[in-house]
$ cat target-v5.pdb   # PDB, C-alpha atoms, pLDDT in the B column
ATOM      1  CA  MET A   6      21.537  12.137   9.236  1.00 79.00           C
ATOM      2  CA  ARG A   7      20.512  13.654  12.528  1.00 87.00           C
ATOM      3  CA  LEU A   8      17.206  12.113  13.506  1.00 90.00           C
ATOM      4  CA  ALA A   9      14.948  12.747  16.456  1.00 91.00           C
ATOM      5  CA  SER A  10      14.701   9.728  18.741  1.00 94.00           C
ATOM      6  CA  HIS A  11      11.140   8.980  17.623  1.00 93.00           C
ATOM      7  CA  GLU A  12      12.230   9.098  13.966  1.00 93.00           C
ATOM      8  CA  ALA A  13      14.978   6.573  14.668  1.00 94.00           C
ATOM      9  CA  ALA A  14      12.434   4.337  16.414  1.00 95.00           C
ATOM     10  CA  GLU A  15      10.055   4.633  13.433  1.00 95.00           C
ATOM     11  CA  LEU A  16      12.860   3.762  11.018  1.00 96.00           C
ATOM     12  CA  ASN A  17      13.784   0.731  13.115  1.00 96.00           C
ATOM     13  CA  GLU A  18      10.198  -0.581  12.861  1.00 96.00           C
ATOM     14  CA  LEU A  19      10.062   0.178   9.138  1.00 97.00           C
ATOM     15  CA  LEU A  20      13.397  -1.569   8.542  1.00 97.00           C
ATOM     16  CA  MET A  21      12.101  -4.680  10.310  1.00 97.00           C
ATOM     17  CA  ILE A  22       8.895  -4.579   8.248  1.00 96.00           C
ATOM     18  CA  CYS A  23      10.922  -4.166   5.068  1.00 97.00           C
ATOM     19  CA  THR A  24      13.268  -7.022   5.991  1.00 98.00           C
ATOM     20  CA  ASN A  25      10.222  -9.240   6.470  1.00 96.00           C
ATOM     21  CA  SER A  26       8.681  -8.085   3.179  1.00 97.00           C
ATOM     22  CA  ILE A  27      11.827  -8.762   1.152  1.00 98.00           C
ATOM     23  CA  GLN A  28      12.341 -12.209   2.687  1.00 98.00           C
ATOM     24  CA  SER A  29       8.667 -13.115   2.224  1.00 97.00           C
ATOM     25  CA  MET A  30       8.736 -11.935  -1.381  1.00 98.00           C
ATOM     26  CA  ALA A  31      11.807 -14.128  -2.034  1.00 98.00           C
ATOM     27  CA  LEU A  32       9.840 -17.149  -0.792  1.00 97.00           C
ATOM     28  CA  PHE A  33       6.740 -16.118  -2.736  1.00 98.00           C
ATOM     29  CA  ILE A  34       8.707 -15.851  -6.003  1.00 98.00           C
ATOM     30  CA  ASN A  35       9.999 -19.400  -5.523  1.00 96.00           C
ATOM     31  CA  GLN A  36       6.659 -20.889  -4.433  1.00 97.00           C
ATOM     32  CA  ALA A  37       4.160 -19.133  -6.726  1.00 98.00           C
ATOM     33  CA  GLN A  38       2.724 -21.450  -9.355  1.00 98.00           C
ATOM     34  CA  ASP A  39       0.779 -18.873 -11.390  1.00 98.00           C
ATOM     35  CA  PRO A  40       3.160 -17.064 -13.772  1.00 98.00           C
ATOM     36  CA  GLU A  41       1.047 -13.880 -13.477  1.00 98.00           C
ATOM     37  CA  LEU A  42       1.419 -13.828  -9.691  1.00 98.00           C
ATOM     38  CA  ARG A  43       5.142 -14.616  -9.839  1.00 98.00           C
ATOM     39  CA  SER A  44       5.715 -11.918 -12.468  1.00 98.00           C
ATOM     40  CA  MET A  45       3.835  -9.312 -10.418  1.00 97.00           C
ATOM     41  CA  ILE A  46       5.897 -10.032  -7.301  1.00 98.00           C
ATOM     42  CA  GLN A  47       9.120 -10.004  -9.333  1.00 98.00           C
ATOM     43  CA  ARG A  48       8.203  -6.582 -10.770  1.00 96.00           C
ATOM     44  CA  HIS A  49       7.571  -5.236  -7.265  1.00 97.00           C
ATOM     45  CA  TYR A  50      10.662  -6.804  -5.716  1.00 98.00           C
ATOM     46  CA  SER A  51      13.319  -4.321  -6.839  1.00 97.00           C
ATOM     47  CA  VAL A  52      11.474  -1.281  -5.450  1.00 97.00           C
ATOM     48  CA  HIS A  53      11.203  -3.011  -2.061  1.00 98.00           C
ATOM     49  CA  VAL A  54      14.974  -3.545  -2.066  1.00 98.00           C
ATOM     50  CA  GLN A  55      15.452   0.098  -3.089  1.00 98.00           C
ATOM     51  CA  ASP A  56      13.085   1.160  -0.285  1.00 98.00           C
ATOM     52  CA  TYR A  57      15.072  -0.873   2.259  1.00 98.00           C
ATOM     53  CA  ASN A  58      18.407   0.514   1.050  1.00 97.00           C
ATOM     54  CA  MET A  59      17.116   4.075   1.269  1.00 97.00           C
ATOM     55  CA  LYS A  60      16.081   3.507   4.889  1.00 97.00           C
ATOM     56  CA  VAL A  61      19.560   2.167   5.629  1.00 97.00           C
ATOM     57  CA  GLU A  62      20.990   5.331   4.064  1.00 96.00           C
ATOM     58  CA  PHE A  63      18.795   7.485   6.329  1.00 95.00           C
ATOM     59  CA  VAL A  64      20.319   5.826   9.394  1.00 95.00           C
ATOM     60  CA  THR A  65      23.936   5.516   8.155  1.00 95.00           C
ATOM     61  CA  GLN A  66      24.711   8.539   5.993  1.00 94.00           C
ATOM     62  CA  GLN A  67      25.108  12.129   7.140  1.00 89.00           C
ATOM     63  CA  MET A  68      22.926  13.462   4.309  1.00 91.00           C
ATOM     64  CA  GLY A  69      20.344  10.669   4.496  1.00 91.00           C
ATOM     65  CA  SER A  70      19.336   9.133   1.192  1.00 94.00           C
ATOM     66  CA  ARG A  71      19.755  11.079  -2.005  1.00 92.00           C
ATOM     67  CA  ASP A  72      17.832   8.509  -4.000  1.00 95.00           C
ATOM     68  CA  GLN A  73      14.248   8.946  -5.201  1.00 96.00           C
ATOM     69  CA  LEU A  74      11.981   5.957  -4.574  1.00 96.00           C
ATOM     70  CA  ASN A  75      10.710   4.432  -7.807  1.00 95.00           C
ATOM     71  CA  VAL A  76       6.974   4.597  -7.094  1.00 96.00           C
ATOM     72  CA  PRO A  77       5.104   2.537  -9.680  1.00 93.00           C
ATOM     73  CA  ALA A  78       2.094   4.073 -11.387  1.00 93.00           C
ATOM     74  CA  ILE A  79      -1.279   2.827 -10.242  1.00 91.00           C
ATOM     75  CA  THR A  80      -2.673   0.452 -12.828  1.00 82.00           C
ATOM     76  CA  GLY A  81      -6.118  -0.852 -13.601  1.00 78.00           C
ATOM     77  CA  GLN A  82      -9.506   0.414 -12.589  1.00 78.00           C
ATOM     78  CA  ALA A  83     -12.141  -0.159  -9.948  1.00 76.00           C
ATOM     79  CA  PHE A  84     -13.773  -3.568 -10.044  1.00 73.00           C
ATOM     80  CA  THR A  85     -17.511  -4.000 -10.212  1.00 71.00           C
ATOM     81  CA  PRO A  86     -18.467  -7.656  -9.860  1.00 70.00           C
ATOM     82  CA  ALA A  87     -20.723  -9.006 -12.566  1.00 70.00           C
ATOM     83  CA  PRO A  88     -24.011 -10.535 -11.457  1.00 72.00           C
ATOM     84  CA  GLY A  89     -23.319 -14.104 -10.393  1.00 75.00           C
ATOM     85  CA  HIS A  90     -19.579 -13.501  -9.879  1.00 76.00           C
ATOM     86  CA  GLN A  91     -18.237 -16.566  -8.089  1.00 83.00           C
ATOM     87  CA  TYR A  92     -16.003 -16.395  -5.027  1.00 87.00           C
ATOM     88  CA  GLN A  93     -13.876 -19.315  -3.950  1.00 88.00           C
ATOM     89  CA  PRO A  94     -14.446 -20.466  -0.366  1.00 91.00           C
ATOM     90  CA  ILE A  95     -11.449 -20.745   1.936  1.00 92.00           C
ATOM     91  CA  GLN A  96     -10.597 -22.527   5.134  1.00 91.00           C
ATOM     92  CA  PRO A  97      -7.291 -21.873   6.918  1.00 90.00           C
ATOM     93  CA  GLN A  98      -4.912 -24.825   6.832  1.00 89.00           C
ATOM     94  CA  VAL A  99      -3.480 -25.679  10.233  1.00 91.00           C
ATOM     95  CA  LYS A 100      -0.620 -27.762   8.783  1.00 93.00           C
ATOM     96  CA  LEU A 101       1.131 -27.169   5.484  1.00 89.00           C
ATOM     97  CA  ALA A 102       4.577 -27.356   3.923  1.00 91.00           C
ATOM     98  CA  GLN A 103       4.129 -24.776   1.188  1.00 92.00           C
ATOM     99  CA  LEU A 104       1.809 -21.866   0.451  1.00 95.00           C
ATOM    100  CA  ASP A 105      -0.537 -22.017  -2.514  1.00 97.00           C
ATOM    101  CA  ASP A 106      -1.043 -19.017  -4.793  1.00 98.00           C
ATOM    102  CA  ARG A 107      -4.046 -17.780  -2.844  1.00 97.00           C
ATOM    103  CA  ALA A 108      -2.118 -17.832   0.425  1.00 97.00           C
ATOM    104  CA  ILE A 109       0.824 -16.080  -1.241  1.00 98.00           C
ATOM    105  CA  ALA A 110      -1.377 -13.340  -2.710  1.00 98.00           C
ATOM    106  CA  THR A 111      -3.218 -12.898   0.606  1.00 98.00           C
ATOM    107  CA  SER A 112      -0.019 -12.706   2.620  1.00 97.00           C
ATOM    108  CA  TYR A 113       1.540 -10.271   0.170  1.00 98.00           C
ATOM    109  CA  LEU A 114      -1.568  -8.054   0.116  1.00 98.00           C
ATOM    110  CA  LEU A 115      -1.720  -7.932   3.909  1.00 98.00           C
ATOM    111  CA  THR A 116       2.009  -7.190   4.087  1.00 97.00           C
ATOM    112  CA  LEU A 117       1.576  -4.240   1.706  1.00 98.00           C
ATOM    113  CA  LYS A 118      -1.429  -2.916   3.634  1.00 98.00           C
ATOM    114  CA  ARG A 119       0.399  -3.085   6.955  1.00 97.00           C
ATOM    115  CA  ALA A 120       3.522  -1.465   5.552  1.00 97.00           C
ATOM    116  CA  GLY A 121       1.417   1.267   3.928  1.00 97.00           C
ATOM    117  CA  ARG A 122      -0.301   2.109   7.220  1.00 97.00           C
ATOM    118  CA  GLU A 123       3.054   2.228   8.991  1.00 97.00           C
ATOM    119  CA  TYR A 124       4.533   4.526   6.330  1.00 98.00           C
ATOM    120  CA  ALA A 125       1.550   6.878   6.548  1.00 97.00           C
ATOM    121  CA  TRP A 126       1.698   6.998  10.332  1.00 97.00           C
ATOM    122  CA  SER A 127       5.458   7.498  10.347  1.00 97.00           C
ATOM    123  CA  ALA A 128       5.211  10.323   7.807  1.00 97.00           C
ATOM    124  CA  PHE A 129       2.930  12.237  10.177  1.00 96.00           C
ATOM    125  CA  GLU A 130       5.378  11.689  13.026  1.00 93.00           C
ATOM    126  CA  THR A 131       8.604  12.795  11.335  1.00 93.00           C
ATOM    127  CA  THR A 132      10.057  16.295  11.581  1.00 92.00           C
ATOM    128  CA  THR A 133      12.655  15.882   8.827  1.00 92.00           C
ATOM    129  CA  PRO A 134      11.225  17.015   5.448  1.00 94.00           C
ATOM    130  CA  GLN A 135      13.479  14.739   3.368  1.00 95.00           C
ATOM    131  CA  LEU A 136      12.444  11.715   5.447  1.00 96.00           C
ATOM    132  CA  ARG A 137       8.765  12.726   5.338  1.00 96.00           C
ATOM    133  CA  ILE A 138       8.821  12.906   1.518  1.00 97.00           C
ATOM    134  CA  PHE A 139      10.451   9.474   1.340  1.00 97.00           C
ATOM    135  CA  LEU A 140       7.837   7.978   3.688  1.00 98.00           C
ATOM    136  CA  GLU A 141       5.011   9.504   1.647  1.00 98.00           C
ATOM    137  CA  ASP A 142       6.508   7.945  -1.498  1.00 98.00           C
ATOM    138  CA  ALA A 143       6.841   4.596   0.287  1.00 98.00           C
ATOM    139  CA  PHE A 144       3.152   4.801   1.267  1.00 98.00           C
ATOM    140  CA  ARG A 145       2.200   5.448  -2.367  1.00 98.00           C
ATOM    141  CA  MET A 146       4.364   2.502  -3.451  1.00 98.00           C
ATOM    142  CA  CYS A 147       2.472   0.190  -1.088  1.00 98.00           C
ATOM    143  CA  SER A 148      -0.873   1.671  -2.084  1.00 97.00           C
ATOM    144  CA  HIS A 149      -0.284   1.195  -5.802  1.00 97.00           C
ATOM    145  CA  GLN A 150       1.156  -2.294  -5.447  1.00 97.00           C
ATOM    146  CA  SER A 151      -1.610  -3.446  -3.096  1.00 97.00           C
ATOM    147  CA  PHE A 152      -4.200  -2.238  -5.603  1.00 96.00           C
ATOM    148  CA  GLU A 153      -2.597  -4.454  -8.257  1.00 95.00           C
ATOM    149  CA  VAL A 154      -2.541  -7.464  -5.900  1.00 96.00           C
ATOM    150  CA  TRP A 155      -6.160  -6.767  -4.901  1.00 95.00           C
ATOM    151  CA  GLN A 156      -7.239  -6.706  -8.558  1.00 93.00           C
ATOM    152  CA  TYR A 157      -5.480 -10.021  -9.158  1.00 94.00           C
ATOM    153  CA  MET A 158      -7.234 -11.579  -6.145  1.00 94.00           C
ATOM    154  CA  VAL A 159     -10.669 -10.270  -7.158  1.00 91.00           C
ATOM    155  CA  LYS A 160     -10.204 -11.630 -10.677  1.00 89.00           C
ATOM    156  CA  LYS A 161      -9.374 -15.059  -9.205  1.00 92.00           C
ATOM    157  CA  GLY A 162     -12.421 -14.964  -6.890  1.00 91.00           C
ATOM    158  CA  TRP A 163     -10.198 -14.802  -3.785  1.00 95.00           C
ATOM    159  CA  TYR A 164     -11.328 -11.401  -2.472  1.00 93.00           C
ATOM    160  CA  ALA A 165     -15.020 -10.774  -1.953  1.00 88.00           C
ATOM    161  CA  VAL A 166     -16.378  -7.457  -3.184  1.00 85.00           C
ATOM    162  CA  THR A 167     -19.988  -6.510  -2.648  1.00 83.00           C
ATOM    163  CA  MET A 168     -21.473  -3.316  -3.953  1.00 83.00           C
ATOM    164  CA  ALA A 169     -23.296  -0.961  -1.597  1.00 88.00           C
ATOM    165  CA  PRO A 170     -27.061  -0.996  -2.070  1.00 92.00           C
ATOM    166  CA  PRO A 171     -28.154   1.944  -4.266  1.00 92.00           C
ATOM    167  CA  GLN A 172     -30.435   3.165  -1.462  1.00 95.00           C
ATOM    168  CA  ALA A 173     -27.449   3.511   0.897  1.00 95.00           C
ATOM    169  CA  VAL A 174     -25.507   5.576  -1.625  1.00 94.00           C
ATOM    170  CA  SER A 175     -28.476   7.788  -2.510  1.00 95.00           C
ATOM    171  CA  THR A 176     -29.135   8.393   1.202  1.00 96.00           C
ATOM    172  CA  LEU A 177     -25.574   9.659   1.594  1.00 95.00           C
ATOM    173  CA  GLY A 178     -26.144  11.932  -1.397  1.00 93.00           C
ATOM    174  CA  LEU A 179     -29.208  13.413   0.295  1.00 94.00           C
ATOM    175  CA  VAL A 180     -27.414  13.974   3.604  1.00 96.00           C
ATOM    176  CA  TYR A 181     -24.233  15.647   2.333  1.00 94.00           C
ATOM    177  CA  GLN A 182     -24.575  18.734   0.161  1.00 88.00           C
ATOM    178  CA  GLN A 183     -21.837  20.420  -1.860  1.00 86.00           C
ATOM    179  CA  VAL A 184     -20.333  23.692  -0.740  1.00 83.00           C
ATOM    180  CA  PRO A 185     -21.512  26.314  -3.274  1.00 78.00           C
ATOM    181  CA  TYR A 186     -18.065  27.860  -3.674  1.00 75.00           C
ATOM    182  CA  HIS A 187     -15.126  26.682  -5.723  1.00 78.00           C
ATOM    183  CA  GLN A 188     -13.104  29.313  -3.908  1.00 79.00           C
ATOM    184  CA  PRO A 189     -14.450  29.213  -0.344  1.00 80.00           C
ATOM    185  CA  MET A 190     -12.590  32.350   0.731  1.00 80.00           C
ATOM    186  CA  GLU A 191     -14.903  34.320  -1.599  1.00 78.00           C
ATOM    187  CA  ALA A 192     -17.579  33.921   1.097  1.00 75.00           C
ATOM    188  CA  TYR A 193     -15.502  36.110   3.403  1.00 81.00           C
ATOM    189  CA  GLN A 194     -15.164  38.830   0.772  1.00 79.00           C
ATOM    190  CA  GLN A 195     -18.896  39.240   0.174  1.00 68.00           C
ATOM    191  CA  GLN A 196     -20.692  42.069   1.936  1.00 65.00           C
ATOM    192  CA  PRO A 197     -23.591  41.029   4.224  1.00 63.00           C
TER
END
$ encode --input "target-v5.pdb" --output "structure tokens"
Amino acid sequence: MRLASHEAAELNELLMICTNSIQSMALFINQAQDPELRSMIQRHYSVHVQDYNMKVEFVTQQMGSRDQLNVPAITGQAFTPAPGHQYQPIQPQVKLAQLDDRAIATSYLLTLKRAGREYAWSAFETTTPQLRIFLEDAFRMCSHQSFEVWQYMVKKGWYAVTMAPPQAVSTLGLVYQQVPYHQPMEAYQQQP
């Protein structure tokens, strides 16, 4: 596929990120102790390989990739911590031979967040519609998967969530008012 030089540079960065993600996930699958965590990473693994292969197709095939990325549906719902919800303290280990489940989940979540930001940025920078659509799908893949990892971490007490004070939310509601039109162009059609 003919790519602009900046698109090729973006794909190079994304291919390196994807290579790192796939290799990290392979380690995580072997090191995870919690069957729920291992199963989640295993479910996500094949779409990351598909994502990588599609990028390779964009740089090696005249027509780019003809595949459609298998974006998983977003699952679950927003988490509201119950009063007294307990969070597990953490201290970084400066010497270790293997990651524990918390470190695996944290590393995987941060990998998904970084990749998602890179996909979003790259989508804005590309001039090839087919590539832009793929990058948007890849962003959604990372977004949906990171939400699932986040939920897992919150449930385990590994990701702190604090709710905004009601006063802060109500203040925002007082400051920002809705536009009184469902069809804003109607305002231009009204006679003064």
$ residues_around --input "target-v5.pdb" --residues "Val52 of chain A" --least-positions-apart "3" --cutoff "8 Å" --atoms "all atoms listed in the file" --output "ChimeraX atom specification"
/A:49,55-56,74-76
$ closest_atom_pairs --input "target-v5.pdb" --of "segment 63-117 of chain A" --to "segment 134-146 of chain A" --cutoff "9 Å" --atoms "only C-alpha atoms" --output "tab-separated table"
residue	atom	partner	partner_atom	distance
A:Phe63	CA	A:Leu136	CA	7.7
A:Gly69	CA	A:Leu136	CA	8.0
A:Ser70	CA	A:Gln135	CA	8.4
A:Gln73	CA	A:Phe139	CA	7.6
A:Leu74	CA	A:Asp142	CA	6.6
A:Asn75	CA	A:Met146	CA	7.9
A:Val76	CA	A:Met146	CA	4.9
A:Pro77	CA	A:Met146	CA	6.3
A:Ala78	CA	A:Met146	CA	8.4
A:Ile79	CA	A:Met146	CA	8.8
A:Leu117	CA	A:Met146	CA	8.9
$ atom_distance --input "target-v5.pdb" --atom1 "atom CA of Trp155 of chain A" --atom2 "atom CA of Leu114 of chain A"
6.9 Å
$ residues_around --input "target-v5.pdb" --residues "segment 163-165 of chain A" --least-positions-apart "2" --cutoff "10 Å" --atoms "all atoms listed in the file" --output "list of chain:residue names"
A:Pro86, A:His90, A:Gln91, A:Tyr92, A:Gln93, A:Pro94, A:Ile95, A:Arg107, A:Ala108, A:Ala110, A:Thr111, A:Trp155, A:Gln156, A:Tyr157, A:Met158, A:Val159, A:Lys160, A:Lys161, A:Thr167
$ atom_distance --input "target-v5.pdb" --atom1 "atom CA of Leu42 of chain A" --atom2 "atom CA of Ile109 of chain A"
8.8 Å
$ residues_around --input "target-v5.pdb" --residues "Val61 of chain A" --least-positions-apart "6" --cutoff "12 Å" --atoms "only C-alpha atoms" --output "VMD selection string"
chain A and resid 6 13 16 to 17 19 to 21 23 to 24 54 to 55 67 to 72 136
$ residues_around --input "target-v5.pdb" --residues "Leu8 of chain A" --least-positions-apart "4" --cutoff "9 Å" --atoms "all atoms listed in the file" --output "MDAnalysis selection string"
chainID A and resid 12:13 63:64 131:133
$ write_last_selection --input "target-v5.pdb" --atoms "C-alpha atoms" --output "CSV table (one decimal), keeping the file's coordinate frame"
chain,number,residue,atom,x,y,z
A,12,GLU,CA,12.2,9.1,14.0
A,13,ALA,CA,15.0,6.6,14.7
A,63,PHE,CA,18.8,7.5,6.3
A,64,VAL,CA,20.3,5.8,9.4
A,131,THR,CA,8.6,12.8,11.3
A,132,THR,CA,10.1,16.3,11.6
A,133,THR,CA,12.7,15.9,8.8
$ closest_residue --input "target-v5.pdb" --among "A:Gln66, A:Gln98, A:Thr80, A:Ser127" --to "Gln150 of chain A" --atoms "all atoms listed in the file"
A:Thr80
$ atom_distance --input "target-v5.pdb" --atom1 "atom CA of His149 of chain A" --atom2 "atom CA of Leu32 of chain A"
21.5 Å
$ resolve_selection --input "target-v5.pdb" --expression "the PyMOL selection byres ((chain A and resi 120) around 9)" --output "list in words"
Leu19, Ile22, Cys23, Ser26, Leu115, Thr116, Leu117, Lys118, Arg119, Gly121, Arg122, Glu123, Tyr124, Ala125, Ala143, Phe144 and Cys147 of chain A
$ write_last_selection --input "target-v5.pdb" --atoms "C-alpha atoms" --output "PDB file, in the frame of the given file"
ATOM      1  CA  LEU A  19      10.062   0.178   9.138  1.00 97.00           C
ATOM      2  CA  ILE A  22       8.895  -4.579   8.248  1.00 96.00           C
ATOM      3  CA  CYS A  23      10.922  -4.166   5.068  1.00 97.00           C
ATOM      4  CA  SER A  26       8.681  -8.085   3.179  1.00 97.00           C
ATOM      5  CA  LEU A 115      -1.720  -7.932   3.909  1.00 98.00           C
ATOM      6  CA  THR A 116       2.009  -7.190   4.087  1.00 97.00           C
ATOM      7  CA  LEU A 117       1.576  -4.240   1.706  1.00 98.00           C
ATOM      8  CA  LYS A 118      -1.429  -2.916   3.634  1.00 98.00           C
ATOM      9  CA  ARG A 119       0.399  -3.085   6.955  1.00 97.00           C
ATOM     10  CA  GLY A 121       1.417   1.267   3.928  1.00 97.00           C
ATOM     11  CA  ARG A 122      -0.301   2.109   7.220  1.00 97.00           C
ATOM     12  CA  GLU A 123       3.054   2.228   8.991  1.00 97.00           C
ATOM     13  CA  TYR A 124       4.533   4.526   6.330  1.00 98.00           C
ATOM     14  CA  ALA A 125       1.550   6.878   6.548  1.00 97.00           C
ATOM     15  CA  ALA A 143       6.841   4.596   0.287  1.00 98.00           C
ATOM     16  CA  PHE A 144       3.152   4.801   1.267  1.00 98.00           C
ATOM     17  CA  CYS A 147       2.472   0.190  -1.088  1.00 98.00           C
TER      18      CYS A 147
END
$ closest_residue --input "target-v5.pdb" --among "A:Thr65, A:Gln47, A:Asn35, A:Asn25" --to "Asp106 of chain A" --atoms "only C-alpha atoms"
A:Asn35
$ closest_residue --input "target-v5.pdb" --among "A:Tyr50, A:Pro171, A:Asp105, A:Glu153" --to "Gln36 of chain A" --atoms "all atoms listed in the file"
A:Asp105
$ residues_around --input "target-v5.pdb" --residues "Ile34 of chain A" --least-positions-apart "4" --cutoff "7 Å" --atoms "only C-alpha atoms" --output "number ranges by chain"
A: 30, 43, 46-47
$ closest_residue --input "target-v5.pdb" --among "A:Val154, A:Val184, A:Ala192, A:Ala173" --to "Tyr113 of chain A" --atoms "all atoms listed in the file"
A:Val154
$ closest_residue --input "target-v5.pdb" --among "A:Gln183, A:His53, A:Ser112, A:Gly162" --to "Gly89 of chain A" --atoms "all atoms listed in the file"
A:Gly162
$ build_atoms --input "target-v5.pdb" --residues "segment 101-121 of chain A" --atoms "N, CA and C atoms" --output "PDB file, keeping the file's coordinate frame"
ATOM      1  N   LEU A 101       0.767 -27.173   6.900  1.00 89.00           N
ATOM      2  CA  LEU A 101       1.131 -27.169   5.484  1.00 89.00           C
ATOM      3  C   LEU A 101       2.634 -26.986   5.340  1.00 89.00           C
ATOM      4  N   ALA A 102       3.145 -27.437   4.198  1.00 91.00           N
ATOM      5  CA  ALA A 102       4.577 -27.356   3.923  1.00 91.00           C
ATOM      6  C   ALA A 102       4.904 -26.239   2.946  1.00 91.00           C
ATOM      7  N   GLN A 103       3.912 -25.816   2.180  1.00 92.00           N
ATOM      8  CA  GLN A 103       4.129 -24.776   1.188  1.00 92.00           C
ATOM      9  C   GLN A 103       2.838 -23.990   1.004  1.00 92.00           C
ATOM     10  N   LEU A 104       2.972 -22.713   0.692  1.00 95.00           N
ATOM     11  CA  LEU A 104       1.809 -21.866   0.451  1.00 95.00           C
ATOM     12  C   LEU A 104       1.319 -22.060  -0.982  1.00 95.00           C
ATOM     13  N   ASP A 105      -0.005 -22.032  -1.159  1.00 97.00           N
ATOM     14  CA  ASP A 105      -0.537 -22.017  -2.514  1.00 97.00           C
ATOM     15  C   ASP A 105      -0.629 -20.565  -2.983  1.00 97.00           C
ATOM     16  N   ASP A 106      -1.022 -20.368  -4.232  1.00 98.00           N
ATOM     17  CA  ASP A 106      -1.043 -19.017  -4.793  1.00 98.00           C
ATOM     18  C   ASP A 106      -1.997 -18.089  -4.048  1.00 98.00           C
ATOM     19  N   ARG A 107      -3.108 -18.617  -3.594  1.00 97.00           N
ATOM     20  CA  ARG A 107      -4.046 -17.780  -2.844  1.00 97.00           C
ATOM     21  C   ARG A 107      -3.424 -17.314  -1.539  1.00 97.00           C
ATOM     22  N   ALA A 108      -2.769 -18.197  -0.834  1.00 97.00           N
ATOM     23  CA  ALA A 108      -2.118 -17.832   0.425  1.00 97.00           C
ATOM     24  C   ALA A 108      -0.986 -16.840   0.184  1.00 97.00           C
ATOM     25  N   ILE A 109      -0.259 -17.011  -0.899  1.00 98.00           N
ATOM     26  CA  ILE A 109       0.824 -16.080  -1.241  1.00 98.00           C
ATOM     27  C   ILE A 109       0.250 -14.694  -1.511  1.00 98.00           C
ATOM     28  N   ALA A 110      -0.770 -14.638  -2.361  1.00 98.00           N
ATOM     29  CA  ALA A 110      -1.377 -13.340  -2.710  1.00 98.00           C
ATOM     30  C   ALA A 110      -1.960 -12.672  -1.466  1.00 98.00           C
ATOM     31  N   THR A 111      -2.627 -13.445  -0.616  1.00 98.00           N
ATOM     32  CA  THR A 111      -3.218 -12.898   0.606  1.00 98.00           C
ATOM     33  C   THR A 111      -2.139 -12.358   1.533  1.00 98.00           C
ATOM     34  N   SER A 112      -1.104 -13.138   1.742  1.00 97.00           N
ATOM     35  CA  SER A 112      -0.019 -12.706   2.620  1.00 97.00           C
ATOM     36  C   SER A 112       0.658 -11.458   2.072  1.00 97.00           C
ATOM     37  N   TYR A 113       0.894 -11.428   0.778  1.00 98.00           N
ATOM     38  CA  TYR A 113       1.540 -10.271   0.170  1.00 98.00           C
ATOM     39  C   TYR A 113       0.652  -9.036   0.275  1.00 98.00           C
ATOM     40  N   LEU A 114      -0.648  -9.188   0.005  1.00 98.00           N
ATOM     41  CA  LEU A 114      -1.568  -8.054   0.116  1.00 98.00           C
ATOM     42  C   LEU A 114      -1.585  -7.499   1.544  1.00 98.00           C
ATOM     43  N   LEU A 115      -1.678  -8.381   2.524  1.00 98.00           N
ATOM     44  CA  LEU A 115      -1.720  -7.932   3.909  1.00 98.00           C
ATOM     45  C   LEU A 115      -0.405  -7.294   4.334  1.00 98.00           C
ATOM     46  N   THR A 116       0.707  -7.794   3.810  1.00 97.00           N
ATOM     47  CA  THR A 116       2.009  -7.190   4.087  1.00 97.00           C
ATOM     48  C   THR A 116       2.064  -5.770   3.539  1.00 97.00           C
ATOM     49  N   LEU A 117       1.587  -5.574   2.306  1.00 98.00           N
ATOM     50  CA  LEU A 117       1.576  -4.240   1.706  1.00 98.00           C
ATOM     51  C   LEU A 117       0.661  -3.288   2.473  1.00 98.00           C
ATOM     52  N   LYS A 118      -0.502  -3.766   2.883  1.00 98.00           N
ATOM     53  CA  LYS A 118      -1.429  -2.916   3.634  1.00 98.00           C
ATOM     54  C   LYS A 118      -0.823  -2.484   4.967  1.00 98.00           C
ATOM     55  N   ARG A 119      -0.211  -3.421   5.668  1.00 97.00           N
ATOM     56  CA  ARG A 119       0.399  -3.085   6.955  1.00 97.00           C
ATOM     57  C   ARG A 119       1.530  -2.095   6.762  1.00 97.00           C
ATOM     58  N   ALA A 120       2.401  -2.369   5.795  1.00 97.00           N
ATOM     59  CA  ALA A 120       3.522  -1.465   5.552  1.00 97.00           C
ATOM     60  C   ALA A 120       3.009  -0.078   5.169  1.00 97.00           C
ATOM     61  N   GLY A 121       1.981  -0.019   4.330  1.00 97.00           N
ATOM     62  CA  GLY A 121       1.417   1.267   3.928  1.00 97.00           C
ATOM     63  C   GLY A 121       0.901   2.065   5.111  1.00 97.00           C
TER      64      GLY A 121
END
